[in-house]
Every structure is written in C-alpha cells, then in structure tokens.
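Data file: model08.cif. Format and content: mmCIF, C-alpha atoms and all ligand atoms.
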data_structure
loop_
_atom_site.label_atom_id
_atom_site.label_comp_id
_atom_site.auth_asym_id
_atom_site.auth_seq_id
_atom_site.Cartn_x
_atom_site.Cartn_y
_atom_site.Cartn_z
CA MET A 30 -44.44 -142.74 213.30
CA GLU A 31 -44.83 -143.87 209.73
CA PRO A 32 -43.93 -141.53 206.86
CA LYS A 33 -46.43 -140.97 204.06
CA GLN A 34 -46.86 -143.94 201.76
CA THR A 35 -44.81 -142.58 198.86
CA VAL A 36 -41.78 -142.13 201.13
CA GLN A 37 -41.84 -145.63 202.61
CA GLY A 38 -38.93 -147.73 201.34
CA LEU A 39 -37.42 -144.90 199.25
CA PRO A 40 -33.67 -145.23 198.77
CA VAL A 41 -31.56 -142.70 200.66
CA TYR A 42 -29.13 -140.90 198.33
CA ASN A 43 -25.69 -142.37 198.65
CA PRO A 44 -23.15 -139.60 197.97
CA GLY A 45 -19.55 -140.21 196.84
CA LYS A 46 -17.37 -141.38 199.76
CA PRO A 47 -15.62 -138.45 201.46
CA ILE A 48 -11.81 -138.32 201.40
CA GLU A 49 -11.41 -138.21 205.19
CA GLU A 50 -13.53 -141.35 205.64
CA VAL A 51 -11.39 -143.32 203.19
CA LYS A 52 -8.18 -142.11 204.86
CA ARG A 53 -9.49 -143.34 208.22
CA GLU A 54 -10.95 -146.64 207.00
CA TYR A 55 -7.98 -147.67 204.90
CA GLY A 56 -5.22 -146.03 206.93
CA ILE A 57 -3.81 -144.22 203.89
CA GLU A 58 -2.41 -140.70 203.71
CA HIS A 59 -3.00 -139.75 200.10
CA VAL A 60 -6.55 -140.07 198.83
CA ILE A 61 -8.11 -138.50 195.74
CA LYS A 62 -11.82 -138.22 195.05
CA LEU A 63 -12.97 -138.72 191.49
CA ALA A 64 -16.48 -139.69 192.55
CA SER A 65 -18.76 -136.65 192.52
CA ASN A 66 -17.83 -134.72 189.38
CA GLU A 67 -16.36 -131.86 191.38
CA ASN A 68 -13.86 -129.43 189.90
CA PRO A 69 -10.31 -130.66 190.65
CA PHE A 70 -9.06 -127.08 190.25
CA GLY A 71 -11.31 -125.68 192.98
CA CYS A 72 -12.99 -122.34 192.31
CA SER A 73 -11.82 -119.02 190.90
CA PRO A 74 -9.18 -117.23 193.03
CA HIS A 75 -11.36 -114.13 192.54
CA VAL A 76 -14.08 -115.82 194.66
CA LEU A 77 -11.68 -116.77 197.43
CA GLN A 78 -10.17 -113.31 197.52
CA HIS A 79 -13.46 -111.48 198.12
CA LEU A 80 -15.79 -113.95 199.75
CA LEU A 81 -14.66 -113.73 203.35
CA MET A 82 -15.27 -110.00 203.46
CA ASP A 83 -18.97 -110.75 203.16
CA ALA A 84 -18.93 -113.25 206.00
CA LYS A 85 -19.31 -110.34 208.45
CA GLN A 86 -22.99 -110.06 207.56
CA THR A 87 -23.98 -113.38 209.12
CA ALA A 88 -26.64 -111.92 211.45
CA LEU A 89 -28.77 -110.75 208.54
CA TYR A 90 -31.03 -112.89 206.40
CA PRO A 91 -29.87 -113.22 202.81
CA ASP A 92 -31.68 -111.39 200.02
CA GLY A 93 -34.52 -113.82 199.38
CA ALA A 94 -35.20 -112.23 196.00
CA MET A 95 -31.50 -112.60 195.07
CA ARG A 96 -31.59 -109.32 193.15
CA GLU A 97 -27.87 -108.89 192.62
CA LEU A 98 -27.26 -112.50 191.65
CA LYS A 99 -30.22 -112.49 189.28
CA LYS A 100 -29.02 -109.29 187.66
CA LYS A 101 -25.54 -110.68 187.15
CA ALA A 102 -26.74 -114.06 185.86
CA ALA A 103 -29.40 -112.53 183.60
CA ASN A 104 -26.76 -110.34 182.05
CA HIS A 105 -24.38 -113.26 181.63
CA LEU A 106 -27.02 -115.49 180.03
CA GLY A 107 -28.87 -112.89 177.96
CA VAL A 108 -32.24 -113.56 179.65
CA THR A 109 -34.39 -111.44 181.98
CA GLU A 110 -34.13 -111.59 185.76
CA GLU A 111 -37.75 -112.79 185.90
CA GLN A 112 -36.76 -115.88 183.92
CA LEU A 113 -34.45 -117.10 186.68
CA ILE A 114 -34.91 -119.11 189.86
CA PHE A 115 -32.05 -120.02 192.20
CA GLY A 116 -31.87 -122.96 194.58
CA ASN A 117 -29.77 -124.65 197.21
CA GLY A 118 -28.01 -126.52 194.42
CA SER A 119 -29.92 -127.49 191.29
CA ASP A 120 -31.01 -130.41 193.50
CA GLU A 121 -33.45 -128.01 195.10
CA ILE A 122 -34.84 -126.87 191.75
CA LEU A 123 -35.60 -130.51 190.88
CA GLN A 124 -37.43 -130.80 194.15
CA LEU A 125 -39.41 -127.59 193.52
CA ILE A 126 -40.46 -128.84 190.09
CA ALA A 127 -41.70 -132.14 191.50
CA ARG A 128 -43.42 -130.40 194.40
CA CYS A 129 -45.11 -127.86 192.15
CA PHE A 130 -46.35 -130.07 189.31
CA LEU A 131 -46.75 -133.65 190.55
CA GLU A 132 -49.32 -135.56 192.57
CA PRO A 133 -50.63 -139.14 192.66
CA GLY A 134 -52.20 -140.08 189.34
CA THR A 135 -49.70 -138.04 187.30
CA ASN A 136 -46.62 -139.51 185.65
CA VAL A 137 -43.18 -138.45 184.49
CA VAL A 138 -40.90 -139.73 181.71
CA MET A 139 -37.15 -140.11 182.13
CA ALA A 140 -34.23 -142.26 180.99
CA ASP A 141 -33.71 -145.51 182.89
CA VAL A 142 -30.09 -144.62 183.74
CA THR A 143 -29.81 -140.98 184.65
CA PHE A 144 -29.43 -138.63 187.61
CA PRO A 145 -31.28 -140.47 190.42
CA ARG A 146 -32.78 -137.40 192.12
CA TYR A 147 -35.39 -136.99 189.37
CA LYS A 148 -36.91 -140.33 190.23
CA THR A 149 -36.77 -139.92 193.99
CA ASN A 150 -38.40 -136.49 194.00
CA CYS A 151 -41.15 -137.66 191.67
CA GLN A 152 -41.77 -140.74 193.81
CA ILE A 153 -42.10 -138.59 196.92
CA GLU A 154 -44.93 -136.69 195.21
CA GLY A 155 -46.62 -139.98 194.31
CA ALA A 156 -46.15 -139.71 190.53
CA ASP A 157 -45.67 -142.82 188.39
CA ILE A 158 -42.29 -143.15 186.74
CA ILE A 159 -42.00 -144.14 183.08
CA GLU A 160 -38.40 -145.11 182.40
CA ILE A 161 -37.11 -145.35 178.84
CA PRO A 162 -33.94 -147.39 178.27
CA LEU A 163 -30.87 -145.51 177.11
CA LYS A 164 -29.76 -146.32 173.57
CA GLU A 165 -25.99 -146.85 173.60
CA GLY A 166 -25.75 -144.76 176.73
CA THR A 167 -27.80 -141.91 175.21
CA HIS A 168 -31.34 -140.65 175.84
CA ASP A 169 -33.79 -142.14 173.35
CA LEU A 170 -35.77 -138.95 172.75
CA ASN A 171 -37.97 -140.65 170.18
CA LYS A 172 -39.19 -143.29 172.62
CA MET A 173 -39.43 -140.71 175.39
CA ALA A 174 -41.76 -138.54 173.28
CA GLU A 175 -43.82 -141.63 172.38
CA ALA A 176 -44.22 -142.50 176.07
CA VAL A 177 -45.89 -139.18 176.93
CA ASN A 178 -49.61 -139.66 177.66
CA ASP A 179 -52.54 -137.66 179.04
CA MET A 180 -51.31 -137.93 182.61
CA THR A 181 -47.68 -136.96 181.90
CA LYS A 182 -46.64 -133.76 183.62
CA VAL A 183 -42.85 -133.71 183.33
CA VAL A 184 -40.18 -135.16 181.00
CA TRP A 185 -36.63 -135.15 182.38
CA VAL A 186 -33.69 -134.87 179.98
CA CYS A 187 -30.18 -134.88 181.40
CA ASN A 188 -27.82 -133.37 178.83
CA PRO A 189 -24.97 -134.36 179.20
CA ASN A 190 -26.37 -137.41 180.91
CA ASN A 191 -25.06 -138.40 184.32
CA PRO A 192 -23.61 -141.08 184.58
CA THR A 193 -22.91 -141.83 180.91
CA GLY A 194 -21.71 -138.36 179.80
CA THR A 195 -23.48 -138.59 176.44
CA ILE A 196 -25.40 -135.72 174.82
CA VAL A 197 -28.49 -135.38 172.67
CA SER A 198 -28.03 -133.08 169.67
CA ALA A 199 -29.64 -129.75 168.84
CA GLU A 200 -31.48 -131.38 165.97
CA ASP A 201 -32.84 -134.20 168.16
CA VAL A 202 -33.93 -131.76 170.87
CA ALA A 203 -35.66 -129.48 168.32
CA ARG A 204 -37.63 -132.44 166.91
CA PHE A 205 -38.41 -133.69 170.41
CA MET A 206 -39.74 -130.33 171.61
CA GLU A 207 -42.10 -130.16 168.63
CA ARG A 208 -43.64 -133.46 169.71
CA ILE A 209 -44.14 -132.64 173.39
CA PRO A 210 -47.57 -131.16 174.25
CA ALA A 211 -47.51 -127.62 175.69
CA SER A 212 -49.08 -128.97 178.90
CA VAL A 213 -46.01 -131.11 179.65
CA LEU A 214 -42.95 -129.55 181.27
CA VAL A 215 -39.60 -130.48 179.74
CA VAL A 216 -36.69 -130.24 182.17
CA MET A 217 -33.36 -129.92 180.38
CA ASP A 218 -30.75 -130.53 183.07
CA GLU A 219 -27.51 -128.95 181.87
CA ALA A 220 -25.42 -129.28 185.04
CA TYR A 221 -22.33 -129.91 182.87
CA TYR A 222 -23.19 -127.32 180.19
CA GLU A 223 -19.97 -125.31 180.52
CA TYR A 224 -17.82 -128.38 179.84
CA VAL A 225 -19.42 -129.21 176.49
CA SER A 226 -17.50 -128.26 173.36
CA ASP A 227 -19.36 -130.33 170.75
CA ASP A 228 -20.94 -128.24 167.96
CA ASP A 229 -24.04 -130.48 167.96
CA TYR A 230 -24.91 -129.53 171.54
CA PRO A 231 -28.19 -127.58 171.65
CA ASP A 232 -28.34 -123.89 172.40
CA SER A 233 -31.30 -124.57 174.66
CA LEU A 234 -31.71 -120.93 175.73
CA SER A 235 -32.72 -120.11 172.17
CA LEU A 236 -35.68 -122.52 172.51
CA LEU A 237 -37.18 -120.69 175.47
CA ALA A 238 -38.98 -118.10 173.33
CA ASP A 239 -40.92 -120.83 171.51
CA TYR A 240 -41.44 -123.19 174.45
CA PRO A 241 -42.93 -121.82 177.69
CA ASN A 242 -43.01 -125.47 178.86
CA LEU A 243 -39.19 -125.73 178.88
CA ILE A 244 -36.97 -125.22 181.93
CA ILE A 245 -33.17 -125.39 181.74
CA LEU A 246 -31.18 -126.25 184.86
CA ARG A 247 -27.57 -125.25 185.49
CA THR A 248 -25.32 -125.15 188.51
CA PHE A 249 -22.36 -123.51 190.19
CA SER A 250 -21.30 -126.90 191.64
CA LYS A 251 -19.39 -128.17 188.63
CA ILE A 252 -17.14 -125.97 186.49
CA TYR A 253 -17.50 -123.01 188.86
CA GLY A 254 -16.18 -125.20 191.71
CA LEU A 255 -18.71 -124.09 194.36
CA ALA A 256 -20.30 -127.47 195.22
CA SER A 257 -19.91 -126.91 198.96
CA LEU A 258 -21.88 -123.66 198.91
CA ARG A 259 -24.88 -125.08 197.01
CA VAL A 260 -26.10 -122.82 194.23
CA GLY A 261 -27.99 -123.98 191.18
CA TYR A 262 -30.60 -122.34 189.00
CA GLY A 263 -33.40 -122.73 186.50
CA ILE A 264 -34.10 -120.64 183.38
CA ALA A 265 -37.61 -120.63 181.91
CA SER A 266 -40.58 -118.43 181.07
CA THR A 267 -41.64 -115.75 183.53
CA ASP A 268 -44.94 -117.60 184.09
CA MET A 269 -43.14 -120.79 185.02
CA MET A 270 -41.06 -118.90 187.56
CA SER A 271 -44.15 -117.43 189.20
CA GLU A 272 -45.43 -120.98 189.77
CA LEU A 273 -42.14 -122.35 191.08
CA ASN A 274 -41.65 -119.39 193.41
CA ARG A 275 -44.86 -120.39 195.20
CA VAL A 276 -43.16 -123.53 196.54
CA ARG A 277 -39.69 -122.05 197.14
CA GLU A 278 -38.54 -121.40 200.71
CA PRO A 279 -38.05 -117.65 201.26
CA PHE A 280 -34.29 -117.72 201.96
CA ASN A 281 -33.27 -120.87 200.12
CA VAL A 282 -29.83 -119.67 198.97
CA ASN A 283 -27.58 -118.37 201.73
CA ALA A 284 -25.78 -115.04 201.49
CA LEU A 285 -22.27 -116.41 201.04
CA ALA A 286 -23.44 -118.74 198.31
CA GLN A 287 -25.13 -115.85 196.47
CA ARG A 288 -22.00 -113.73 196.77
CA ALA A 289 -19.73 -116.56 195.65
CA ALA A 290 -21.89 -117.19 192.59
CA ILE A 291 -21.73 -113.49 191.63
CA LEU A 292 -17.95 -113.47 192.01
CA ALA A 293 -17.63 -116.74 190.10
CA LEU A 294 -19.54 -115.29 187.12
CA GLU A 295 -17.04 -112.42 187.03
CA ASP A 296 -14.17 -114.77 186.25
CA GLN A 297 -14.93 -116.43 182.94
CA THR A 298 -11.21 -116.90 182.30
CA PHE A 299 -11.22 -119.49 185.09
CA VAL A 300 -14.14 -121.28 183.42
CA LYS A 301 -12.38 -121.30 180.06
CA ASP A 302 -9.21 -122.60 181.63
CA CYS A 303 -11.05 -125.43 183.43
CA ARG A 304 -12.86 -126.39 180.23
CA ALA A 305 -9.55 -126.66 178.37
CA LYS A 306 -7.96 -128.70 181.16
CA ASN A 307 -11.00 -130.99 181.24
CA ILE A 308 -10.72 -131.65 177.50
CA ALA A 309 -7.05 -132.56 177.99
CA GLY A 310 -7.94 -134.79 180.98
CA LEU A 311 -10.68 -136.53 179.01
CA LYS A 312 -8.16 -137.28 176.27
CA GLN A 313 -5.66 -138.56 178.84
CA LEU A 314 -8.21 -141.03 180.21
CA THR A 315 -9.80 -142.12 176.95
CA SER A 316 -6.41 -142.64 175.26
CA ALA A 317 -5.52 -145.00 178.10
CA PHE A 318 -8.90 -146.76 177.82
CA ASP A 319 -8.34 -147.14 174.07
CA ARG A 320 -4.89 -148.59 174.67
CA LEU A 321 -6.35 -151.03 177.22
CA GLY A 322 -9.27 -151.93 174.95
CA LEU A 323 -11.91 -150.77 177.43
CA HIS A 324 -15.35 -149.64 176.30
CA TYR A 325 -16.49 -146.16 177.35
CA PHE A 326 -19.26 -143.83 176.30
CA PRO A 327 -18.30 -140.63 174.47
CA SER A 328 -18.33 -138.13 177.32
CA HIS A 329 -19.10 -134.43 177.13
CA GLY A 330 -18.96 -133.70 180.87
CA ASN A 331 -16.19 -133.79 183.46
CA PHE A 332 -16.47 -137.55 183.96
CA VAL A 333 -16.29 -140.75 181.92
CA PHE A 334 -18.26 -143.95 182.18
CA VAL A 335 -16.02 -146.91 181.45
CA GLU A 336 -16.62 -150.66 181.46
CA THR A 337 -13.61 -152.46 182.88
CA GLY A 338 -14.71 -156.07 182.40
CA VAL A 339 -14.37 -156.73 186.16
CA ALA A 340 -17.31 -156.45 188.59
CA SER A 341 -17.61 -152.75 189.42
CA GLU A 342 -17.82 -153.44 193.15
CA GLU A 343 -14.43 -155.17 193.00
CA VAL A 344 -12.86 -152.41 190.94
CA PHE A 345 -14.29 -149.82 193.30
CA GLU A 346 -12.86 -151.62 196.35
CA HIS A 347 -9.47 -152.07 194.74
CA LEU A 348 -9.28 -148.40 193.79
CA LEU A 349 -10.30 -147.38 197.31
CA GLU A 350 -7.45 -149.43 198.75
CA GLN A 351 -5.20 -147.47 196.40
CA GLY A 352 -6.64 -144.19 197.64
CA VAL A 353 -8.80 -143.44 194.59
CA ILE A 354 -12.53 -142.91 195.07
CA VAL A 355 -14.69 -143.43 191.98
CA ARG A 356 -18.39 -144.14 191.60
CA HIS A 357 -20.37 -147.25 190.89
CA ASP A 358 -24.02 -148.05 191.35
CA PRO A 359 -25.63 -151.46 190.80
CA SER A 360 -28.87 -149.74 189.75
CA TRP A 361 -27.16 -148.43 186.59
CA GLY A 362 -27.40 -151.92 185.16
CA TYR A 363 -23.81 -151.99 183.88
CA PRO A 364 -22.22 -154.70 186.04
CA THR A 365 -18.64 -153.69 185.22
CA GLY A 366 -19.18 -149.97 184.71
CA ILE A 367 -17.64 -147.24 186.84
CA ARG A 368 -17.93 -143.47 186.55
CA VAL A 369 -14.72 -141.56 187.06
CA THR A 370 -14.50 -137.80 187.38
CA ILE A 371 -11.82 -136.22 185.20
CA GLY A 372 -9.23 -134.95 187.65
CA SER A 373 -6.02 -133.00 187.27
CA GLU A 374 -3.35 -134.60 185.08
CA GLU A 375 -1.70 -136.03 188.17
CA GLU A 376 -4.95 -137.40 189.61
CA ASN A 377 -5.82 -139.04 186.29
CA GLU A 378 -2.37 -140.61 186.27
CA THR A 379 -2.86 -141.92 189.81
CA PHE A 380 -6.20 -143.43 188.83
CA LEU A 381 -4.79 -145.10 185.71
CA ASN A 382 -1.78 -146.42 187.62
CA ALA A 383 -4.13 -147.99 190.15
CA LEU A 384 -6.48 -149.43 187.52
CA GLU A 385 -4.17 -150.84 184.89
CA PRO A 386 -2.13 -153.39 186.92
CA PHE A 387 -5.33 -154.60 188.57
CA LEU A 388 -7.00 -155.28 185.23
CA GLN A 389 -3.82 -156.88 183.91
CA LYS A 390 -3.74 -159.23 186.87
CA ARG A 391 -7.34 -160.14 186.18
CA GLY A 392 -6.44 -160.85 182.56
CA LYS A 393 -8.79 -158.14 181.32
CA VAL A 394 -6.22 -156.14 179.40
CA HIS A 395 -3.05 -156.93 177.51
CA VAL A 396 0.32 -156.15 179.01
CA SER A 397 1.75 -153.37 176.86
N1 LIG B 1 -28.04 -132.62 187.86
C1 LIG B 1 -27.04 -133.45 187.52
C2 LIG B 1 -27.08 -134.10 186.19
C3 LIG B 1 -26.00 -133.70 188.42
O1 LIG B 1 -25.03 -134.55 188.08
C4 LIG B 1 -26.01 -133.06 189.68
C5 LIG B 1 -24.94 -133.29 190.71
N2 LIG B 1 -24.20 -134.38 190.64
C6 LIG B 1 -27.06 -132.21 189.97
C7 LIG B 1 -28.05 -132.00 189.04
C8 LIG B 1 -27.15 -131.50 191.28
O2 LIG B 1 -26.15 -130.58 191.42
P1 LIG B 1 -26.18 -129.42 192.49
O3 LIG B 1 -27.35 -129.66 193.40
O4 LIG B 1 -24.89 -129.49 193.19
O5 LIG B 1 -26.37 -128.16 191.69
#

Would you kindly transcribe this structure into structure tokens?
Ligand code: PMP
Amino acid sequence: MEPKQTVQGLPVYNPGKPIEEVKREYGIEHVIKLASNENPFGCSPHVLQHLLMDAKQTALYPDGAMRELKKKAANHLGVTEEQLIFGNGSDEILQLIARCFLEPGTNVVMADVTFPRYKTNCQIEGADIIEIPLKEGTHDLNKMAEAVNDMTKVVWVCNPNNPTGTIVSAEDVARFMERIPASVLVVMDEAYYEYVSDDDYPDSLSLLADYPNLIILRTFSKIYGLASLRVGYGIASTDMMSELNRVREPFNVNALAQRAAILALEDQTFVKDCRAKNIAGLKQLTSAFDRLGLHYFPSHGNFVFVETGVASEEVFEHLLEQGVIVRHDPSWGYPTGIRVTIGSEEENETFLNALEPFLQKRGKVHVS
C-alpha cells in the first residue's frame, strides 16, 4: 500500500526524548527533561484535587459541544462561546485549519524556522510552502506580507516563536494585518501567551472584531501544565468556527481533559506564580549565558534558544549523558543552537553545571 503522494517521504515528528528512555539507555537514576517546554511545576493542585472524581464517568462519551468548558473559557477570555473551538492539543487545531482550507494548488506562508507542525499539516493537504527567513530569530512580517499571492490561503505566525522564543510587537502585527487580504487566514499561534510579560506583545484578542480572517491559538499544555491530557483551542469569528467545526471529530477532547481545563482556569494564582518563576528562571539561564559569552535570542516563552559554539548534536549527547534532555534539530539551520526549557531553579542549575565544564573543556568559554 502506498500513501497518497503528499504523504510520501514526510518526516515523522520527533518528540523530546522521554525521561524513562534516557534512564534506561544511559543507566542513570536522575534525569531531567528540558526538551518539550512543559511546565516544571506540574499543574494546579486544584486540578489534581478534583479531577479523579470525574473519572467515574468513563463509560459515557464526553460532551462533544464542550458547553461547560466553552462557557468557562469564554468568560475568562471575554469572548463568546461561539468564537471558540477546542482540540486534542492545539496540534489538532492546526490540523483542522490545514484540512479545512488547503488543497493542491494553494499555498501558505510561514517563517523558515518555526513550529514544524504547520509545515507538515500543510504538506499533507498538498499546499505549497513559502518559507520566509527569520530576521535575527524573529518573524519578518514585512517579507511575509509581501510573499502573499493570489493562491495564498493561510499565513502562520508563531508568537512567541518556537524555537527562538522571540515575539513580534503589537505595532508590527497591526501593520501586518492591514496588509493581509481578507481572503487569507492569519493563524496567530500563542501557545506561550501566558508567559509573556513584554508590554509590546500584541493584545491579539482585540484584533478579532476587525479581522474575521484571524484565528488565535492557545493551549493548556504549557503554563497550565496539562500537556498529557491534550487540550488546546482556537479563538476567531463565529463564521470561522462554523467552517472548522465541519472537519472536527465529534468527541475530539476527552472528558477528563475538558474537566481538567475547566479546573485549571479556576486557579489563576497558579498561572501567575508559574509566570513569575519562569521570569526568574529565564534570568538565571541568561545571566549564565551572558557570563559565558554565549549568544541567545531574547526569549518570551518558557524556553531559550542558545548557541553554544559546539555542534548541537555533541552538546545534546553530552547533556544526555549527564541526565539532562534538551532539544536540537538540524533543520533549524543553527549548527550549534540548542533549545532549553526553563526548568525549576534546581533543574536550571543542573543544566548549567552540565553545560559549563563541557564548553570550558572545548575552549568555548573562559574559565571564571
Ligand atoms: N504551537 C506551538 C508553538 C508549540 O510549541 C506547541 C507545542 N510544543 C504546540 C503549538 C502544540 O501544543 P499542544 O498540541 O500541546 O497544545
């Protein structure tokens, strides 16, 4: 059996290495994972306290319309329930967008180094990919707008960008939206939205009234600490949701995930606390990078992209041997770049203690 042509030769997504696998392979007891931008502080205790009570309902299908979750989220965000769509992670929303709007002959515009699932989902639908190089690790919205042509259906903007962590500003986004034709969907992926504290970051929800061709994506996998349960969502015009709902599976978010997301929204103190700890962790890492003279992009998410001066594959292997899992990907085009998730203070320390002597030995940093 041969798959359809657009699927032939597609890369299979390579997720961050799991902790148990590294323990087994390297025979080490203590392993930390700073590879998938998960929340090192887990999820809200409020979720854990109440979630298991709902596990008794396993024989029943979940609420496919997600009424309670939509009500809660709509209230939290200040939008209507009809403006929301939930998915099995925001990964699924990306897939729905590609499935709904793309076909052979159409094209999409995206950054050349960004979240890889945009490209894969668009390729599966047979769309052509127009990739615009990042400018100093940041989306070049000017060039992206210029690249839009008659066959463009979707423009993907990852803000903050994964893997570089950079943001595009409110002013840049406002100018960009004015230039994008109403027939082209702009996807603003804000998976790391809750971590951002920069005043220049756009309030994208406020753009929805003027732009029915805008969809904003967010997730419960990052600051809310629910990656294992898979809940993400899109916010857009009611009309857009009607279209996307046509391609959505009827029960795409399971009952426990829906419940966990509702509970998670009820504990905004946890979110605030994680944001503050992340800012401190970012400072901890970047101060060390500054001291070591390493280049990194200004990050606004819960991860940092740093160039160590040593081949990323080697750094990755060395860190694994030390029980620290980070992320590298040759397709990023930064031969010495690694992406490290900001962990707890102790995890960050472990990472730095594993990195620094290695770079010193390789003569890449000065002995302090
Ligand atoms: N968008 C971005 C930018 C991401 O980094 C991720 C996960 N790493 C996702 C979307 C998907 O997240 P999830 O499916 O867990 O919501």

Within 10 Å of stretch 233-238 of chain A: each stretch 67-185 of chain A residue with its shortest pair, only C-alpha atoms, as a Markdown table:
| residue | atom | partner | partner_atom | distance |
| --- | --- | --- | --- | --- |
| A:Leu106 | CA | A:Leu234 | CA | 8.4 |
| A:Gly107 | CA | A:Leu234 | CA | 8.8 |
| A:Val108 | CA | A:Leu234 | CA | 8.4 |
| A:Gln112 | CA | A:Leu237 | CA | 9.7 |

Residue contacts of A:Lys148 (9 Å, all atoms listed in the file) excluding same-chain residues fewer than 6 positions away, as a PyMOL selection string
chain A and resi 137+139+158

Find the residues around A:Tyr262 up to 7 Å (all atoms listed in the file counted), leave out those fewer than 6 positions away in its own chain, and share them as a PyMOL selection string.
chain A and resi 113-116+119+122+246-248

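Around ligand LIG 1 (chain B), the neighbouring residues within 6 Å, taking all atoms listed in the file, come to Gly118, Ser119, Asp120, Phe144, Cys187, Asn191, Asp218, Ala220, Thr248, Ser250, Ala256, Arg259, Val260 and Gly261 of chain A.
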
Same residues, C-alpha atoms, output as an mmCIF file, in the frame of the given file:
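New file selection-v8.cif:
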data_model
loop_
_atom_site.group_PDB
_atom_site.id
_atom_site.type_symbol
_atom_site.label_atom_id
_atom_site.label_comp_id
_atom_site.auth_asym_id
_atom_site.auth_seq_id
_atom_site.Cartn_x
_atom_site.Cartn_y
_atom_site.Cartn_z
ATOM 1 C CA GLY A 118 -28.010 -126.520 194.420
ATOM 2 C CA SER A 119 -29.920 -127.490 191.290
ATOM 3 C CA ASP A 120 -31.010 -130.410 193.500
ATOM 4 C CA PHE A 144 -29.430 -138.630 187.610
ATOM 5 C CA CYS A 187 -30.180 -134.880 181.400
ATOM 6 C CA ASN A 191 -25.060 -138.400 184.320
ATOM 7 C CA ASP A 218 -30.750 -130.530 183.070
ATOM 8 C CA ALA A 220 -25.420 -129.280 185.040
ATOM 9 C CA THR A 248 -25.320 -125.150 188.510
ATOM 10 C CA SER A 250 -21.300 -126.900 191.640
ATOM 11 C CA ALA A 256 -20.300 -127.470 195.220
ATOM 12 C CA ARG A 259 -24.880 -125.080 197.010
ATOM 13 C CA VAL A 260 -26.100 -122.820 194.230
ATOM 14 C CA GLY A 261 -27.990 -123.980 191.180
#

List every protein, DNA or RNA residue with an atom no more than 12 Å from (-13.6, -134.2, 202.7) in the file's coordinates, counting all atoms listed in the file, and format the result as JSON, numbers by chain.
{"A": [44, 45, 46, 47, 48, 49, 50, 51, 52, 53, 60, 61, 62, 64, 65, 67, 257, 354]}

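The closest residue to A:Val333, picked from A:Asn283, A:Gln297, A:Asn377, A:Thr370 and counting all atoms listed in the file, is A:Thr370.
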
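Reported to one decimal place, the separation of atom CA of A:Lys172 from atom CA of A:Thr193 is 18.3 Å.
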
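Nearest to A:Tyr42 of all the residues A:Ser373, A:Gln86, A:Thr149, A:Thr135 is A:Thr149, based on only C-alpha atoms.
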